[in-house]
file data_8.txt (compact mmCIF, C-alpha atoms)
# COMPACT_ATOMS: atom_id res chain seq x y z
CA MET A 205 95.45 121.06 129.77
CA ASP A 206 95.79 117.32 130.25
CA SER A 207 99.29 116.05 130.74
CA ILE A 208 100.79 112.89 132.15
CA PRO A 209 102.78 113.13 135.39
CA ALA A 210 106.39 112.41 134.52
CA LEU A 211 109.25 110.71 136.32
CA THR A 212 112.51 112.02 134.89
CA ILE A 213 115.65 109.89 134.61
CA GLU A 214 117.01 111.74 137.67
CA ASP A 215 113.82 111.03 139.64
CA VAL A 216 114.05 107.34 138.78
CA ALA A 217 117.75 107.26 139.70
CA HIS A 218 116.91 108.85 143.06
CA ILE A 219 114.17 106.30 143.77
CA ASP A 220 116.37 103.43 142.54
CA GLY A 221 119.10 104.56 144.95
CA VAL A 222 116.72 104.25 147.91
CA LEU A 223 115.41 100.87 146.70
CA GLN A 224 118.86 99.45 146.04
CA ASP A 225 120.01 100.36 149.53
CA TYR A 226 116.81 98.88 150.99
CA LEU A 227 117.12 95.60 149.07
CA GLN A 228 120.76 95.19 150.13
CA LYS A 229 120.07 95.83 153.79
CA SER A 230 116.92 93.73 153.98
CA GLU A 231 118.38 91.02 151.69
CA SER A 232 115.20 91.01 149.61
CA ASP A 233 114.79 90.16 145.92
CA LEU A 234 112.47 92.75 144.49
CA ALA A 235 110.88 96.06 145.45
CA VAL A 236 108.09 97.66 143.44
CA ILE A 237 106.46 101.02 144.06
CA ILE A 238 102.88 101.24 142.86
CA ASP A 239 100.02 103.66 143.20
CA LYS A 240 96.83 102.42 144.78
CA GLY A 241 95.24 102.09 141.35
CA GLY A 242 97.77 99.35 140.52
CA ASN A 243 100.09 101.36 138.24
CA VAL A 244 103.80 100.61 138.59
CA ILE A 245 105.75 103.76 139.45
CA SER A 246 109.19 102.20 139.81
CA GLN A 247 110.77 98.82 140.38
CA TYR A 248 114.14 97.48 141.38
CA GLY A 249 115.67 94.05 141.81
CA ASP A 250 115.25 90.61 140.33
CA LEU A 251 112.66 91.26 137.65
CA GLU A 252 113.18 88.23 135.45
CA VAL A 253 111.13 85.82 137.47
CA MET A 254 107.86 87.68 137.76
CA ASP A 255 105.39 89.73 135.79
CA VAL A 256 105.56 92.93 137.78
CA THR A 257 102.43 94.50 136.25
CA ILE A 258 100.30 91.59 137.41
CA ILE A 259 101.84 91.64 140.87
CA ALA A 260 101.11 95.38 141.04
CA ALA A 261 97.45 94.97 140.06
CA LEU A 262 96.88 92.15 142.52
CA ALA A 263 98.78 93.85 145.34
CA ALA A 264 96.77 97.06 144.94
CA GLY A 265 93.61 94.94 145.04
CA SER A 266 94.79 93.02 148.07
CA PHE A 267 95.66 96.24 149.91
CA ALA A 268 92.31 97.78 149.07
CA ALA A 269 90.36 94.66 149.97
CA THR A 270 91.64 94.69 153.54
CA LYS A 271 90.59 98.30 154.06
CA GLU A 272 87.11 97.23 155.11
CA LEU A 273 88.62 94.72 157.53
CA ALA A 274 90.73 97.50 159.04
CA ARG A 275 87.67 99.69 159.51
CA ARG A 276 85.99 96.99 161.60
CA ILE A 277 88.67 97.40 164.22
CA GLY A 278 88.69 101.16 164.12
CA GLU A 279 91.54 101.70 161.67
CA ILE A 280 91.32 103.69 158.43
CA GLU A 281 93.41 101.09 156.65
CA PHE A 282 96.27 98.74 157.44
CA ASN A 283 99.72 100.25 156.99
CA ALA A 284 101.33 96.95 156.12
CA LEU A 285 100.37 93.48 154.92
CA TYR A 286 102.35 90.26 154.88
CA HIS A 287 101.66 87.19 152.74
CA GLN A 288 103.66 84.18 153.81
CA GLY A 289 104.51 81.42 151.38
CA ASN A 290 106.67 78.31 151.67
CA GLY A 291 109.74 79.77 150.02
CA SER A 292 108.72 83.23 148.76
CA HIS A 293 106.90 85.90 150.65
CA ILE A 294 105.42 89.32 149.99
CA PHE A 295 105.45 92.28 152.32
CA MET A 296 103.56 95.47 151.45
CA ASN A 297 103.60 98.78 153.25
CA SER A 298 102.12 102.22 152.69
CA ILE A 299 104.48 104.94 151.56
CA ASP A 300 101.86 107.68 151.62
CA ASP A 301 98.13 108.04 150.96
CA ASP A 302 98.47 107.09 147.30
CA THR A 303 101.48 104.84 147.16
CA ILE A 304 102.46 101.34 148.27
CA MET A 305 105.80 99.53 148.30
CA ILE A 306 105.78 95.79 147.56
CA THR A 307 108.75 93.70 148.67
CA VAL A 308 109.31 90.14 147.49
CA PHE A 309 111.79 88.07 149.49
CA GLY A 310 112.85 84.48 150.05
CA SER A 311 114.17 82.32 152.85
CA GLN A 312 117.57 84.09 152.89
CA THR A 313 116.06 86.80 155.10
CA THR A 314 113.28 87.24 157.63
CA VAL A 315 110.08 89.24 157.72
CA GLY A 316 111.41 91.09 160.77
CA LEU A 317 114.41 92.38 158.89
CA VAL A 318 112.30 93.35 155.87
CA ARG A 319 109.76 95.11 158.06
CA PHE A 320 112.50 96.95 159.97
CA TYR A 321 114.23 98.36 156.90
CA SER A 322 110.99 98.97 154.99
CA THR A 323 110.00 101.68 157.46
CA SER A 324 113.00 103.88 156.78
CA ALA A 325 112.83 103.16 153.03
CA ALA A 326 109.15 104.20 153.01
CA HIS A 327 109.98 107.44 154.82
CA ALA A 328 112.74 108.24 152.34
CA LEU A 329 110.50 107.42 149.37
CA ALA A 330 107.61 109.46 150.77
CA GLN A 331 109.90 112.47 150.80
CA VAL A 332 111.09 111.83 147.23
CA LEU A 333 107.51 111.48 145.99
CA LYS A 334 106.39 114.58 147.90
CA ASP A 335 109.19 116.59 146.28
CA LEU A 336 108.16 115.21 142.89
CA ARG A 337 104.54 116.26 143.33
CA GLU A 338 105.56 119.73 144.42
CA LYS A 339 107.92 120.15 141.50
CA ALA A 340 106.11 122.43 139.09
CA SER A 341 106.91 120.41 136.00
CA GLY A 342 104.50 120.58 133.12
CA GLY A 343 104.14 116.84 132.69
CA PHE A 344 104.23 114.97 129.42
CA GLN A 345 102.16 115.48 126.29
CA PHE A 346 102.19 113.76 122.94
CA ASP A 347 102.57 115.63 119.69
CA ALA A 348 99.35 115.21 117.79
CA GLU A 349 101.16 114.32 114.55
CA ASP A 350 102.96 111.45 116.30
CA LEU A 351 99.67 109.86 117.25
CA GLY A 352 97.93 109.76 113.91
CA ASP A 353 94.93 107.50 113.56
CA ALA A 354 96.82 104.25 113.46
CA GLN A 355 95.44 101.21 115.25
CA VAL A 356 96.70 101.02 118.79
CA PHE A 357 96.18 97.26 118.89
CA ASP A 358 96.48 94.71 116.10
CA LYS A 359 94.67 91.43 116.07
CA THR A 360 96.66 88.36 115.12
CA MET B 50 96.11 108.39 136.67
CA SER B 51 98.71 107.27 134.21
CA ILE B 52 102.36 107.99 134.80
CA ILE B 53 105.29 108.24 132.43
CA ASN B 54 108.71 106.90 133.28
CA TYR B 55 111.52 108.52 131.29
CA ALA B 56 114.05 105.94 132.47
CA SER B 57 112.16 102.89 131.22
CA LYS B 58 110.50 104.93 128.42
CA GLU B 59 107.10 103.53 129.28
CA ILE B 60 103.64 105.03 129.65
CA GLN B 61 100.88 103.11 131.39
CA PHE B 62 97.15 103.57 131.02
CA LYS B 63 94.30 101.90 132.84
CA ILE B 64 91.12 101.01 130.95
CA VAL B 65 88.13 99.62 132.86
CA TYR B 66 85.34 97.55 131.28
CA TYR B 67 82.18 98.47 133.18
CA GLY B 68 78.61 97.19 132.90
CA PRO B 69 75.88 95.09 134.48
CA ALA B 70 76.26 91.47 135.55
CA LEU B 71 76.67 88.92 132.76
CA CYS B 72 76.91 91.57 130.01
CA GLY B 73 80.16 90.14 128.60
CA LYS B 74 82.99 92.15 130.14
CA THR B 75 85.13 89.12 130.91
CA THR B 76 84.34 87.68 127.46
CA ASN B 77 85.74 90.89 125.94
CA LEU B 78 89.02 90.45 127.80
CA ALA B 79 89.21 86.74 127.01
CA TYR B 80 88.79 87.49 123.29
CA ILE B 81 91.43 90.23 123.35
CA HIS B 82 93.79 87.90 125.21
CA SER B 83 93.26 85.19 122.58
CA ARG B 84 93.97 87.51 119.65
CA ILE B 85 96.99 89.53 120.78
CA ALA B 86 100.42 88.09 120.07
CA PRO B 87 101.86 86.51 123.25
CA GLU B 88 104.90 88.83 123.23
CA ASN B 89 102.56 91.81 123.54
CA ARG B 90 100.43 90.62 126.40
CA GLY B 91 100.68 89.22 129.89
CA ASP B 92 98.49 86.58 131.48
CA LEU B 93 94.77 87.13 131.82
CA VAL B 94 94.23 87.10 135.56
CA SER B 95 90.68 86.31 136.66
CA LEU B 96 89.58 86.46 140.25
CA ALA B 97 86.33 84.57 139.77
CA THR B 98 84.03 82.36 141.83
CA ALA B 99 83.61 78.65 141.14
CA ALA B 100 80.65 79.54 138.92
CA ASP B 101 82.87 81.75 136.77
CA ARG B 102 81.35 85.00 137.99
CA THR B 103 83.87 87.79 138.42
CA LEU B 104 84.42 88.27 142.14
CA PHE B 105 87.07 90.96 142.27
CA PHE B 106 88.30 91.82 138.81
CA ASP B 107 89.86 90.46 135.64
CA PHE B 108 93.14 91.96 134.58
CA LEU B 109 95.03 91.86 131.29
CA PRO B 110 98.25 93.83 130.67
CA LEU B 111 98.98 94.72 127.02
CA ASN B 112 101.82 96.36 125.16
CA ALA B 113 100.70 98.63 122.35
CA VAL B 114 102.17 101.10 119.89
CA VAL B 115 105.51 102.79 120.39
CA ILE B 116 105.19 106.58 120.10
CA LYS B 117 108.39 108.58 119.72
CA GLY B 118 110.35 105.85 121.46
CA PHE B 119 107.90 105.52 124.35
CA LYS B 120 106.26 102.13 124.82
CA THR B 121 102.57 102.43 125.64
CA LYS B 122 101.20 99.84 128.04
CA PHE B 123 97.51 99.37 128.65
CA GLN B 124 96.12 97.59 131.70
CA LEU B 125 92.62 96.30 131.05
CA TYR B 126 90.38 95.63 134.04
CA THR B 127 86.80 94.46 134.40
CA VAL B 128 84.60 95.17 137.39
CA PRO B 129 82.24 92.66 138.99
CA GLY B 130 78.80 93.49 137.59
CA GLN B 131 76.64 92.19 140.40
CA VAL B 132 74.96 95.00 142.32
CA ILE B 133 76.26 93.95 145.74
CA TYR B 134 79.92 94.35 144.76
CA ASN B 135 79.86 98.14 144.57
CA ALA B 136 82.78 98.63 146.95
CA THR B 137 84.90 96.48 144.63
CA ARG B 138 83.85 98.50 141.60
CA GLN B 139 84.99 101.66 143.36
CA LEU B 140 88.38 100.11 144.04
CA VAL B 141 88.88 99.01 140.45
CA LEU B 142 87.92 102.47 139.16
CA ARG B 143 90.73 104.07 141.14
CA SER B 144 93.18 105.87 138.81
CA VAL B 145 91.11 104.97 135.74
CA ASP B 146 92.16 106.58 132.45
CA GLY B 147 89.54 105.24 130.02
CA ILE B 148 86.28 103.29 130.17
CA VAL B 149 84.48 100.84 127.89
CA TYR B 150 80.86 100.65 129.01
CA VAL B 151 79.42 97.26 128.03
CA ALA B 152 75.62 97.16 127.76
CA ASP B 153 73.56 94.01 127.28
CA SER B 154 71.34 94.48 124.21
CA GLN B 155 68.55 92.17 125.36
CA TRP B 156 65.26 94.00 125.98
CA ASP B 157 64.88 92.65 129.52
CA LYS B 158 68.32 93.99 130.52
CA MET B 159 67.59 97.68 129.85
CA GLU B 160 66.84 98.51 133.47
CA GLU B 161 70.08 96.86 134.60
CA ASN B 162 72.00 98.74 131.91
CA ILE B 163 70.66 102.08 133.08
CA GLU B 164 71.23 101.25 136.73
CA SER B 165 74.81 100.19 136.06
CA PHE B 166 75.51 103.33 134.01
CA ARG B 167 74.17 105.53 136.82
CA ASN B 168 76.27 103.53 139.25
CA LEU B 169 79.34 104.26 137.10
CA GLU B 170 78.60 108.00 137.20
CA GLU B 171 78.10 107.86 140.98
CA ASN B 172 81.29 105.91 141.60
CA LEU B 173 83.31 108.29 139.44
CA GLY B 174 81.78 111.18 141.35
CA LYS B 175 83.05 109.72 144.61
CA GLN B 176 86.57 110.10 143.21
CA ASN B 177 85.87 113.61 141.97
CA LEU B 178 85.88 112.32 138.41
CA SER B 179 83.17 112.51 135.78
CA LEU B 180 82.41 111.17 132.32
CA GLU B 181 83.11 114.67 131.02
CA ASP B 182 86.81 114.15 131.81
CA ILE B 183 87.33 110.48 131.06
CA PRO B 184 87.42 109.11 127.53
CA TYR B 185 84.83 106.36 127.11
CA VAL B 186 82.97 104.39 124.46
CA ILE B 187 79.82 102.28 124.67
CA GLN B 188 79.41 98.70 123.48
CA TYR B 189 75.98 97.28 122.68
CA ASN B 190 76.85 93.65 123.22
CA LYS B 191 75.11 90.37 122.33
CA ARG B 192 73.80 91.67 119.00
CA ASP B 193 73.50 88.05 117.80
CA LEU B 194 70.66 87.26 120.20
CA PRO B 195 67.08 87.38 118.90
CA ASN B 196 65.55 89.73 121.49
CA THR B 197 67.80 92.77 121.16
CA ALA B 198 66.72 96.40 121.40
CA PRO B 199 67.50 98.67 118.44
CA VAL B 200 70.67 100.73 118.67
CA HIS B 201 68.88 104.08 118.52
CA TYR B 202 66.75 103.08 121.50
CA MET B 203 69.84 102.06 123.49
CA ASP B 204 71.48 105.34 122.49
CA PHE B 205 68.39 107.13 123.79
CA LEU B 206 68.78 105.34 127.12
CA LEU B 207 72.55 105.29 127.58
CA ASN B 208 74.22 107.65 125.14
CA ASN B 209 72.15 110.69 125.95
CA ARG B 210 74.69 112.99 127.58
CA LYS B 211 75.49 116.37 126.09
CA LYS B 212 78.48 114.91 124.30
CA ARG B 213 77.45 111.67 122.64
CA VAL B 214 80.19 109.08 122.32
CA GLN B 215 81.12 106.37 119.89
CA ASN B 216 79.02 103.23 120.14
CA PHE B 217 79.76 99.74 118.84
CA GLU B 218 77.48 96.83 118.01
CA VAL B 219 79.42 93.99 119.54
CA ILE B 220 79.23 90.22 119.74
CA SER B 221 81.93 89.61 122.32
CA SER B 222 81.66 85.80 122.05
CA THR B 223 82.82 85.93 118.42
CA GLY B 224 84.90 89.08 118.82
CA GLN B 225 82.87 91.27 116.49
CA ASN B 226 83.87 94.91 117.10
CA VAL B 227 85.71 94.06 120.32
CA PHE B 228 88.96 95.44 118.92
CA ALA B 229 87.18 98.37 117.27
CA ALA B 230 85.93 99.52 120.68
CA LEU B 231 89.30 98.96 122.35
CA ASN B 232 91.13 100.87 119.63
CA ALA B 233 88.61 103.71 119.79
CA VAL B 234 88.96 104.24 123.52
CA SER B 235 92.76 103.94 123.31
CA GLN B 236 92.87 106.57 120.56
CA LEU B 237 90.64 108.91 122.58
CA LEU B 238 92.90 108.40 125.55
CA LEU B 239 96.13 109.13 123.67
CA HIS B 240 94.61 112.20 122.03
CA LYS B 241 93.49 113.48 125.41
CA PHE B 242 97.16 113.80 126.30
CA SER B 243 98.20 115.44 123.05
CA LYS B 244 99.09 119.08 122.59
CA GLU B 245 96.41 119.32 119.95
CA SER B 246 93.66 118.79 122.53
CA ASP B 247 94.35 122.20 124.09
CA SER B 248 93.15 124.05 121.04
CA LYS B 249 90.44 121.56 120.15
CA PRO B 250 88.41 120.81 123.25
CA SER B 251 86.58 117.90 121.67
CA ALA B 252 89.79 116.05 120.87
CA ASN B 253 88.58 113.34 118.60
CA PRO B 254 85.53 113.69 116.43
CA VAL B 255 83.57 110.56 117.04
CA GLY B 256 81.51 108.76 114.48
CA ILE B 257 77.93 108.63 115.65
CA PRO B 258 75.74 106.51 113.44
CA ALA B 259 72.58 108.17 112.22
CA ALA B 260 69.63 107.32 114.40
CA GLY B 261 67.19 104.91 112.85
call {"tool": "encode", "arguments": {"input": "data_8.txt", "output": "structure tokens"}}
result
Amino acid sequence: MDSIPALTIEDVAHIDGVLQDYLQKSESDLAVIIDKGGNVISQYGDLEVMDVTIIAALAAGSFAATKELARRIGEIEFNALYHQGNGSHIFMNSIDDDTIMITVFGSQTTVGLVRFYSTSAAHALAQVLKDLREKASGGFQFDAEDLGDAQVFDKT
Amino acid sequence: MSIINYASKEIQFKIVYYGPALCGKTTNLAYIHSRIAPENRGDLVSLATAADRTLFFDFLPLNAVVIKGFKTKFQLYTVPGQVIYNATRQLVLRSVDGIVYVADSQWDKMEENIESFRNLEENLGKQNLSLEDIPYVIQYNKRDLPNTAPVHYMDFLLNNRKKRVQNFEVISSTGQNVFAALNAVSQLLLHKFSKESDSKPSANPVGIPAAG
């Protein structure tokens, strides 16, 4: 049976709670949890200014691209990456083998503070995600009659 | 693997356009980007070299139909076709939900088509995936060029697995059948996750044109 892994409203609230606390403490703008394929799992913070799906795709690519670099110095992969801009910066760290947290922050805080709080946030999120995976929920399936044969995309 | 978020009522799927170098994968995405209403798409992000060859991937996020209150979102990716970029292709294939294989119809590209298709099977294998599990369709692109191989011959080369899949004669530069292929793979993908697929193993009967 093929079903889609599901995040319930309670799961999302749990994750949001961790992210909200993290953003407050680290004084960051936005936190996004993605899988290493670039899918957004959850997001929290100032979402108006950026297209989160594009950030997720590029961040997953960026994380993956440095894996080979890590191997050259005897690492399996880097646990964290930092991209420094003039006013906005991105910090990314591994949550577990499949998941990454992206943090976007500005000049109101420092990379040291973000890095410090990201470690405990990642630990908390790793536990939440582990519990989710172990939860024997059936996942999501469509009803065949809801799908029909309608066009998924329409040309303009 | 796609994931569904009950709080935001969104479902995301990842579709990868795969095929040999210069077969028209990026052209497919550029056409789709140009013909979808701006409110239903994001930017087309291309990580390309100065000579317009795809270096890492192209990426286009799309909003599609709403099913029972859930918004479906499709992320379209292309892989770099050049042989040397295999590590990058493996990265882009991670968590893939559906595939559009783009073949170049020109006679002198048949070897590259076959090599790229084998490479796709190998790279899926490295992730413990296979074309048996992942919905895919095949495009025979560049049908407007003079030196194209017949469709039944390309089917013989590329669409010769136990379960034959839908194929499309495409001219990606003008958009011919670009949306037909995208809609077909999206439908296959949605039906894969429907309750109906449990009782009917071959979820969606696919239209295979008569050979000849």
call {"tool": "closest_atom_pairs", "arguments": {"input": "data_8.txt", "of": "chain A", "to": "chain B", "cutoff": "8 Å", "atoms": "all atoms listed in the file", "output": "tab-separated table"}}
result
residue	atom	partner	partner_atom	distance
A:Met205	CA	B:Asp247	CA	5.9
A:Asp206	CA	B:Phe242	CA	5.5
A:Ser207	CA	B:Phe242	CA	5.4
A:Ile208	CA	B:Ile52	CA	5.8
A:Pro209	CA	B:Ile52	CA	5.2
A:Ala210	CA	B:Ile53	CA	4.8
A:Leu211	CA	B:Asn54	CA	4.9
A:Thr212	CA	B:Tyr55	CA	5.1
A:Ile213	CA	B:Ala56	CA	4.8
A:Val216	CA	B:Ala56	CA	6.5
A:Lys240	CA	B:Arg143	CA	7.3
A:Gly241	CA	B:Arg143	CA	4.9
A:Asn243	CA	B:Gln61	CA	7.1
A:Ile245	CA	B:Ile52	CA	7.1
A:Asp255	CA	B:Gly91	CA	7.6
A:Thr257	CA	B:Pro110	CA	7.0
A:Ile258	CA	B:Pro110	CA	7.4
A:Ala261	CA	B:Phe108	CA	7.6
A:Gly265	CA	B:Leu140	CA	7.4
A:Ala268	CA	B:Leu140	CA	6.8
A:Ala269	CA	B:Thr137	CA	7.9
A:Phe344	CA	B:Ile53	CA	7.4
A:Gln345	CA	B:Ser243	CA	5.1
A:Phe346	CA	B:Ser243	CA	4.3
A:Asp347	CA	B:Ser243	CA	5.5
A:Ala348	CA	B:Ser243	CA	5.4
A:Asp350	CA	B:Ile116	CA	6.6
A:Leu351	CA	B:Ile116	CA	7.0
A:Asp353	CA	B:Gln236	CA	7.4
A:Gln355	CA	B:Asn232	CA	6.2
A:Val356	CA	B:Val114	CA	5.6
A:Phe357	CA	B:Ala113	CA	5.9
A:Asp358	CA	B:Ile85	CA	7.0
A:Lys359	CA	B:Arg84	CA	5.4
A:Thr360	CA	B:Arg84	CA	5.3
call {"tool": "residues_around", "arguments": {"input": "data_8.txt", "residues": "range 204-213 of chain B", "least_positions_apart": "6", "cutoff": "8 Å", "atoms": "all atoms listed in the file", "output": "PyMOL selection string"}}
result
chain B and resi 162-163+166+187+257
call {"tool": "write_last_selection", "arguments": {"input": "data_8.txt", "atoms": "C-alpha atoms", "output": "PDB file, in the frame of the given file"}}
result
ATOM      1  CA  ASN B 162      72.000  98.740 131.910  1.00  0.00           C
ATOM      2  CA  ILE B 163      70.660 102.080 133.080  1.00  0.00           C
ATOM      3  CA  PHE B 166      75.510 103.330 134.010  1.00  0.00           C
ATOM      4  CA  ILE B 187      79.820 102.280 124.670  1.00  0.00           C
ATOM      5  CA  ILE B 257      77.930 108.630 115.650  1.00  0.00           C
TER       6      ILE B 257
END
call {"tool": "closest_residue", "arguments": {"input": "data_8.txt", "among": "B:Pro184, B:Pro199, B:Gly174, B:Gly118", "to": "Ile64 in chain B", "atoms": "only C-alpha atoms"}}
result
B:Pro184
call {"tool": "closest_residue", "arguments": {"input": "data_8.txt", "among": "A:Asp220, A:Asp215, A:Glu231, A:Asp225", "to": "Gly316 in chain A", "atoms": "only C-alpha atoms"}}
result
A:Glu231
call {"tool": "residues_around", "arguments": {"input": "data_8.txt", "residues": "Tyr185 in chain B", "least_positions_apart": "5", "cutoff": "10 Å", "atoms": "all atoms listed in the file", "output": "PyMOL selection string"}}
result
chain B and resi 64-66+146-150+180+214-216+230-231+233-235+237-238
call {"tool": "residues_around", "arguments": {"input": "data_8.txt", "residues": "Asn77 in chain B", "least_positions_apart": "5", "cutoff": "8 Å", "atoms": "all atoms listed in the file", "output": "VMD selection string"}}
result
chain B and resid 221 to 222 224 227
call {"tool": "closest_residue", "arguments": {"input": "data_8.txt", "among": "B:His201, B:Arg138, B:Lys158, B:Arg192", "to": "Glu170 in chain B", "atoms": "all atoms listed in the file"}}
result
B:Arg138
call {"tool": "residues_around", "arguments": {"input": "data_8.txt", "residues": "range 290-298 of chain A", "least_positions_apart": "3", "cutoff": "8 Å", "atoms": "only C-alpha atoms", "output": "count of residues only"}}
result
21
call {"tool": "decode", "arguments": {"input": "data_8.txt", "residues": "range 222-229 of chain B", "atoms": "all heavy atoms", "output": "PDB file, in the first residue's frame"}}
result
ATOM      1  N   SER B 222      10.458  22.895 -27.725  1.00  0.00           N
ATOM      2  CA  SER B 222      10.687  24.307 -28.066  1.00  0.00           C
ATOM      3  C   SER B 222       9.370  25.021 -28.387  1.00  0.00           C
ATOM      4  O   SER B 222       9.234  26.220 -28.146  1.00  0.00           O
ATOM      5  CB  SER B 222      11.659  24.423 -29.235  1.00  0.00           C
ATOM      6  OG  SER B 222      11.190  23.648 -30.313  1.00  0.00           O
ATOM      7  N   THR B 223       8.383  24.292 -28.913  1.00  0.00           N
ATOM      8  CA  THR B 223       7.086  24.926 -29.181  1.00  0.00           C
ATOM      9  C   THR B 223       6.059  24.540 -28.111  1.00  0.00           C
ATOM     10  O   THR B 223       4.950  25.058 -28.099  1.00  0.00           O
ATOM     11  CB  THR B 223       6.522  24.475 -30.542  1.00  0.00           C
ATOM     12  OG1 THR B 223       6.292  23.064 -30.495  1.00  0.00           O
ATOM     13  CG2 THR B 223       7.465  24.803 -31.677  1.00  0.00           C
ATOM     14  N   GLY B 224       6.404  23.587 -27.273  1.00  0.00           N
ATOM     15  CA  GLY B 224       5.500  23.182 -26.199  1.00  0.00           C
ATOM     16  C   GLY B 224       4.593  22.016 -26.547  1.00  0.00           C
ATOM     17  O   GLY B 224       3.786  21.597 -25.711  1.00  0.00           O
ATOM     18  N   GLN B 225       4.736  21.468 -27.754  1.00  0.00           N
ATOM     19  CA  GLN B 225       3.839  20.382 -28.143  1.00  0.00           C
ATOM     20  C   GLN B 225       3.981  19.191 -27.191  1.00  0.00           C
ATOM     21  O   GLN B 225       5.064  18.634 -27.050  1.00  0.00           O
ATOM     22  CB  GLN B 225       4.148  19.940 -29.577  1.00  0.00           C
ATOM     23  CG  GLN B 225       3.258  18.804 -30.040  1.00  0.00           C
ATOM     24  CD  GLN B 225       3.642  18.328 -31.437  1.00  0.00           C
ATOM     25  OE1 GLN B 225       3.701  19.107 -32.374  1.00  0.00           O
ATOM     26  NE2 GLN B 225       3.926  17.047 -31.564  1.00  0.00           N
ATOM     27  N   ASN B 226       2.870  18.831 -26.573  1.00  0.00           N
ATOM     28  CA  ASN B 226       2.778  17.674 -25.662  1.00  0.00           C
ATOM     29  C   ASN B 226       3.578  17.801 -24.370  1.00  0.00           C
ATOM     30  O   ASN B 226       3.693  16.835 -23.617  1.00  0.00           O
ATOM     31  CB  ASN B 226       3.165  16.365 -26.372  1.00  0.00           C
ATOM     32  CG  ASN B 226       1.979  15.793 -27.131  1.00  0.00           C
ATOM     33  OD1 ASN B 226       0.834  16.131 -26.838  1.00  0.00           O
ATOM     34  ND2 ASN B 226       2.248  14.959 -28.103  1.00  0.00           N
ATOM     35  N   VAL B 227       4.127  18.981 -24.107  1.00  0.00           N
ATOM     36  CA  VAL B 227       4.864  19.171 -22.852  1.00  0.00           C
ATOM     37  C   VAL B 227       3.902  19.037 -21.664  1.00  0.00           C
ATOM     38  O   VAL B 227       4.180  18.327 -20.692  1.00  0.00           O
ATOM     39  CB  VAL B 227       5.568  20.548 -22.843  1.00  0.00           C
ATOM     40  CG1 VAL B 227       6.013  20.929 -21.439  1.00  0.00           C
ATOM     41  CG2 VAL B 227       6.767  20.523 -23.779  1.00  0.00           C
ATOM     42  N   PHE B 228       2.737  19.700 -21.785  1.00  0.00           N
ATOM     43  CA  PHE B 228       1.762  19.619 -20.693  1.00  0.00           C
ATOM     44  C   PHE B 228       1.098  18.245 -20.629  1.00  0.00           C
ATOM     45  O   PHE B 228       0.748  17.773 -19.554  1.00  0.00           O
ATOM     46  CB  PHE B 228       0.707  20.730 -20.814  1.00  0.00           C
ATOM     47  CG  PHE B 228       1.118  21.983 -20.102  1.00  0.00           C
ATOM     48  CD1 PHE B 228       1.959  22.894 -20.724  1.00  0.00           C
ATOM     49  CD2 PHE B 228       0.690  22.248 -18.819  1.00  0.00           C
ATOM     50  CE1 PHE B 228       2.372  24.046 -20.062  1.00  0.00           C
ATOM     51  CE2 PHE B 228       1.099  23.391 -18.151  1.00  0.00           C
ATOM     52  CZ  PHE B 228       1.929  24.294 -18.776  1.00  0.00           C
ATOM     53  N   ALA B 229       0.939  17.607 -21.790  1.00  0.00           N
ATOM     54  CA  ALA B 229       0.331  16.269 -21.789  1.00  0.00           C
ATOM     55  C   ALA B 229       1.186  15.315 -20.965  1.00  0.00           C
ATOM     56  O   ALA B 229       0.669  14.527 -20.156  1.00  0.00           O
ATOM     57  CB  ALA B 229       0.199  15.763 -23.225  1.00  0.00           C
TER      58      ALA B 229
END
